[in-house]
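data06.txt (compact mmCIF, C-alpha atoms and all ligand atoms)
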```
# COMPACT_ATOMS: atom_id res chain seq x y z
CA MET A 1 0.00 0.00 0.00
CA LYS A 2 1.19 3.50 -0.83
CA PRO A 3 1.96 6.00 1.91
CA LEU A 4 -0.95 8.24 2.81
CA VAL A 5 -0.72 12.01 2.95
CA ALA A 6 -3.67 13.95 4.36
CA ILE A 7 -4.54 17.62 4.09
CA VAL A 8 -6.27 18.92 7.21
CA GLY A 9 -7.39 22.33 8.36
CA ARG A 10 -10.50 24.32 8.97
CA PRO A 11 -13.01 25.03 6.19
CA ASN A 12 -12.20 27.56 3.53
CA VAL A 13 -8.44 27.73 4.05
CA GLY A 14 -7.72 26.26 0.60
CA LYS A 15 -7.32 22.53 1.20
CA SER A 16 -9.18 21.48 -1.93
CA THR A 17 -7.42 24.09 -4.03
CA LEU A 18 -4.10 22.63 -2.93
CA PHE A 19 -5.31 19.09 -3.59
CA ASN A 20 -6.40 20.02 -7.10
CA ARG A 21 -3.04 21.63 -7.81
CA LEU A 22 -1.25 18.38 -7.35
CA ILE A 23 -3.91 16.27 -8.96
CA GLY A 24 -4.42 18.57 -11.91
CA ARG A 25 -0.77 18.85 -12.59
CA ARG A 26 0.14 15.21 -12.35
CA LEU A 27 -2.97 13.86 -14.00
CA ALA A 28 -3.47 11.51 -11.14
CA LEU A 29 -6.39 9.21 -11.13
CA VAL A 30 -8.98 10.71 -8.84
CA GLU A 31 -10.73 7.99 -6.99
CA ASP A 32 -13.58 9.02 -4.82
CA MET A 33 -14.25 6.50 -2.17
CA PRO A 34 -17.63 7.37 -0.75
CA GLY A 35 -18.47 5.57 2.40
CA VAL A 36 -14.91 5.51 3.68
CA THR A 37 -15.41 8.81 5.41
CA ARG A 38 -17.83 11.56 4.60
CA ASP A 39 -16.51 14.04 2.12
CA ARG A 40 -13.00 12.79 1.70
CA HIS A 41 -11.35 12.67 -1.66
CA TYR A 42 -8.59 10.22 -2.34
CA ALA A 43 -6.22 10.39 -5.27
CA ASP A 44 -3.12 8.60 -6.32
CA ALA A 45 -0.40 11.15 -6.70
CA GLU A 46 3.21 11.32 -7.70
CA TRP A 47 5.83 13.90 -6.89
CA GLY A 48 9.59 13.86 -7.11
CA GLY A 49 9.48 10.25 -8.22
CA ARG A 50 7.52 9.14 -5.16
CA SER A 51 4.02 7.73 -5.23
CA PHE A 52 1.53 8.28 -2.49
CA THR A 53 -2.18 8.57 -1.90
CA PHE A 54 -3.31 12.10 -1.24
CA ILE A 55 -6.40 12.75 0.86
CA ASP A 56 -8.42 15.94 0.86
CA THR A 57 -10.45 15.99 4.03
CA GLY A 58 -13.71 17.82 3.57
CA GLY A 59 -15.44 17.22 6.80
CA PHE A 60 -17.38 20.21 7.84
CA VAL A 61 -21.09 20.10 7.17
CA PRO A 62 -22.84 23.37 8.07
CA GLY A 63 -25.90 22.96 10.19
CA GLU A 64 -24.86 19.66 11.70
CA LYS A 65 -24.97 19.51 15.44
CA ASP A 66 -21.24 19.03 15.83
CA SER A 67 -19.35 22.25 16.11
CA LEU A 68 -16.88 23.29 13.50
CA LEU A 69 -14.10 22.86 16.00
CA LYS A 70 -15.13 19.33 16.81
CA GLN A 71 -15.46 18.34 13.18
CA VAL A 72 -12.10 19.79 12.21
CA ARG A 73 -10.50 18.08 15.16
CA GLU A 74 -12.08 14.75 14.24
CA GLN A 75 -10.64 15.08 10.77
CA ALA A 76 -7.21 15.62 12.26
CA GLN A 77 -7.63 12.55 14.45
CA LEU A 78 -8.52 10.37 11.51
CA ALA A 79 -5.58 11.75 9.59
CA VAL A 80 -3.24 10.94 12.44
CA GLU A 81 -4.60 7.42 12.71
CA GLU A 82 -4.33 6.55 9.05
CA CYS A 83 -1.71 8.79 7.50
CA ASP A 84 2.04 8.92 7.23
CA VAL A 85 2.39 12.66 6.65
CA ILE A 86 -0.07 15.45 7.42
CA VAL A 87 -0.28 18.78 5.64
CA PHE A 88 -1.90 21.28 7.97
CA VAL A 89 -3.29 24.16 5.94
CA THR A 90 -4.08 27.51 7.56
CA ASP A 91 -5.20 30.89 6.30
CA GLY A 92 -2.08 33.01 6.33
CA ARG A 93 -4.03 36.24 6.13
CA GLU A 94 -6.27 35.53 9.08
CA GLY A 95 -3.51 34.39 11.38
CA VAL A 96 -3.82 31.67 14.00
CA THR A 97 -7.39 30.91 15.11
CA ALA A 98 -8.73 28.88 18.02
CA ALA A 99 -9.51 25.97 15.69
CA ASP A 100 -5.92 26.06 14.38
CA GLU A 101 -4.59 25.92 17.93
CA SER A 102 -6.83 23.03 18.83
CA VAL A 103 -5.75 21.01 15.82
CA ALA A 104 -2.11 21.95 16.38
CA SER A 105 -2.08 20.77 19.96
CA TYR A 106 -3.50 17.44 18.90
CA LEU A 107 -1.03 17.10 16.03
CA ARG A 108 1.91 17.97 18.28
CA LYS A 109 1.04 15.16 20.65
CA SER A 110 0.62 12.68 17.83
CA GLY A 111 4.28 12.75 16.90
CA LYS A 112 3.35 12.34 13.21
CA PRO A 113 5.27 14.37 10.63
CA VAL A 114 3.31 17.57 10.04
CA ILE A 115 3.91 20.28 7.47
CA VAL A 116 2.34 23.64 8.23
CA ALA A 117 1.23 25.69 5.24
CA ALA A 118 0.19 29.34 5.56
CA ASN A 119 -2.02 29.72 2.51
CA LYS A 120 -3.51 32.70 0.69
CA LEU A 121 -0.25 34.64 0.70
CA ASP A 122 -0.80 35.64 -2.88
CA ASN A 123 2.31 37.59 -3.62
CA THR A 124 5.91 37.42 -2.60
CA THR A 125 6.17 40.85 -0.98
CA GLY A 126 7.81 40.88 2.42
CA THR A 127 4.72 42.18 4.19
CA MET A 128 2.55 39.38 2.95
CA GLN A 129 5.11 36.67 3.57
CA ALA A 130 5.73 38.07 7.06
CA LEU A 131 2.19 37.04 7.95
CA ALA A 132 3.34 33.43 7.93
CA ALA A 133 5.53 34.08 10.98
CA ASP A 134 2.48 34.03 13.25
CA PHE A 135 2.11 30.29 12.65
CA TYR A 136 5.43 29.42 14.27
CA LYS A 137 3.63 29.75 17.57
CA LEU A 138 1.72 26.57 16.75
CA GLY A 139 4.91 24.75 17.72
CA LEU A 140 4.92 22.48 14.68
CA GLY A 141 8.20 23.63 13.19
CA GLU A 142 8.78 25.29 9.88
CA VAL A 143 5.94 27.23 8.30
CA HIS A 144 5.56 27.26 4.53
CA PRO A 145 4.08 30.45 3.08
CA MET A 146 2.13 29.69 -0.06
CA SER A 147 -0.70 30.51 -2.38
CA ALA A 148 -2.54 27.49 -3.71
CA GLU A 149 -4.55 29.72 -6.01
CA HIS A 150 -1.56 31.52 -7.50
CA ASN A 151 0.72 28.52 -7.37
CA LEU A 152 3.32 30.11 -5.13
CA GLY A 153 5.31 27.95 -2.74
CA VAL A 154 3.34 24.89 -3.77
CA ASN A 155 6.20 22.94 -5.34
CA GLY A 156 8.39 23.49 -2.30
CA LEU A 157 5.59 22.23 -0.10
CA PHE A 158 5.24 19.00 -2.08
CA ASP A 159 9.02 18.56 -2.02
CA GLU A 160 8.82 18.71 1.75
CA VAL A 161 5.97 16.19 1.79
CA VAL A 162 7.89 13.55 -0.14
CA GLU A 163 10.99 14.14 1.98
CA LYS A 164 8.98 13.07 4.98
CA LEU A 165 7.51 9.93 3.44
P1 LIG B 201 -11.22 24.21 1.75
O1 LIG B 201 -12.56 24.41 2.35
O2 LIG B 201 -10.15 24.27 2.79
O3 LIG B 201 -11.11 22.98 0.90
O4 LIG B 201 -10.95 25.48 0.82
P2 LIG B 201 -11.12 25.64 -0.77
O5 LIG B 201 -9.97 25.02 -1.49
O6 LIG B 201 -12.48 25.18 -1.16
O7 LIG B 201 -10.98 27.21 -0.91
C1 LIG B 201 -11.82 28.10 -0.22
C2 LIG B 201 -11.78 29.46 -0.89
O8 LIG B 201 -10.48 30.02 -0.76
C3 LIG B 201 -12.06 29.40 -2.39
O9 LIG B 201 -12.81 30.54 -2.72
C4 LIG B 201 -10.68 29.46 -3.01
O10 LIG B 201 -10.70 30.01 -4.29
C5 LIG B 201 -9.95 30.35 -2.02
N1 LIG B 201 -8.50 30.12 -2.03
C6 LIG B 201 -7.84 28.94 -1.99
N2 LIG B 201 -6.50 29.13 -2.05
C7 LIG B 201 -6.31 30.46 -2.11
C8 LIG B 201 -5.16 31.29 -2.21
O11 LIG B 201 -4.02 30.84 -2.26
N3 LIG B 201 -5.38 32.63 -2.24
C9 LIG B 201 -6.62 33.18 -2.22
N4 LIG B 201 -6.72 34.50 -2.24
N5 LIG B 201 -7.73 32.44 -2.15
C10 LIG B 201 -7.58 31.09 -2.10
MG MG B 202 -12.47 21.47 0.58
```
Could you show the structure in this file as structure tokens?
Amino acid sequence: MKPLVAIVGRPNVGKSTLFNRLIGRRLALVEDMPGVTRDRHYADAEWGGRSFTFIDTGGFVPGEKDSLLKQVREQAQLAVEECDVIVFVTDGREGVTAADESVASYLRKSGKPVIVAANKLDNTTGTMQALAADFYKLGLGEVHPMSAEHNLGVNGLFDEVVEKL
């Protein structure tokens, strides 16, 4: 079985945009596996000569009784249980939120390799990139500034993923 890489993070931070970047670019076979877990998308992916299965965790369903925080945290728990590497996506413009901190504390305890991405940093100016610095306080090591939409910092992020496989 191929190594599993999961993308986690709260809704609307750009997880699916990042997923589609890799999938679109590498023409991976997108295999939806409904029933495995609600709203997760699995795809076979390849980067830097390594093959892995990439998982986009959807998770949050508005209006359900579970709080956003609980649902995002559950996603992270599943990712920790099944995956070899976790990409934790955050919104670099908004800075660290309570949900980010909750997920981060869980991920820290898990001991799994985690890559923190500060997304939506859409240009390479110093002021925008400086926003990423806030995420160091999550205590998960290096923070990768990126823009999934504008394809900035994405290649470097995937390089880091395969290094940790
Ligand atoms: P998800 O809920 O975490 O899967 O987030 P999505 O990938 O669905 O993206 C949520 C919204 O953020 C969409 O409107 C995206 O177009 C937007 N988005 C994603 N990545 C970026 C980015 O790098 N920069 C900006 N400005 N918007 C982004
Ligand atoms: Mg999504």
- Query: Do you know which residues are within 10 Å of ligand LIG 201 (chain B) using only C-alpha atoms and all ligand atoms? Can you write them as a PyMOL selection string?
  - Reply: chain A and resi 7-21+56-60+89-93+118-123+145-154
- So which one's closest to Asn155 of chain A, A:Gly48, A:Ala104, A:Tyr42, A:Met1? Using all atoms listed in the file, please.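 Of A:Gly48, A:Ala104, A:Tyr42, A:Met1, the one nearest Asn155 of chain A is A:Gly48, counting all atoms listed in the file.
Across the model, the gap from atom CA of Ala45 of chain A to atom CA of Glu81 of chain A is 20.2 Å.
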- Query: If you count all atoms listed in the file, which residues fall within 10 Å of Glu101 of chain A, apart from same-chain ones fewer than 4 positions away, as a PyMOL selection string?
  - Reply: chain A and resi 96-97+105-107+135+137-139
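The space between atom CA of Gly126 of chain A and atom CA of Val143 of chain A spans 15.0 Å.
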- Best match for closeness to Val162 of chain A among A:Ala99, A:Leu140, A:Ile23, A:Val114, counting only C-alpha atoms: A:Val114
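Here atom CA of Ala43 of chain A stands at a distance of 22.8 Å from atom CA of His144 of chain A.
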- Closest of A:Lys112, A:Lys70, A:His41, A:Lys2 to ligand MG 202 (chain B) - atom-to-atom distances counting all atoms listed in the file: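 Closest to ligand MG 202 (chain B) of all the choices is A:His41.
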- For ligand MG 202 (chain B), which residue among A:Ile86, A:Ile55, A:Pro3, A:Val161 is the nearest when counting all atoms listed in the file?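 Counting all atoms listed in the file, the residue closest to ligand MG 202 (chain B) is A:Ile55.
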- Go through A:Ala117, A:Val72, A:Ala98, A:Val103 one by one, measure the shortest atom-to-atom distance of each to ligand MG 202 (chain B) using all atoms listed in the file, and give the residue with the smallest value.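 Nearest to ligand MG 202 (chain B): A:Val72.
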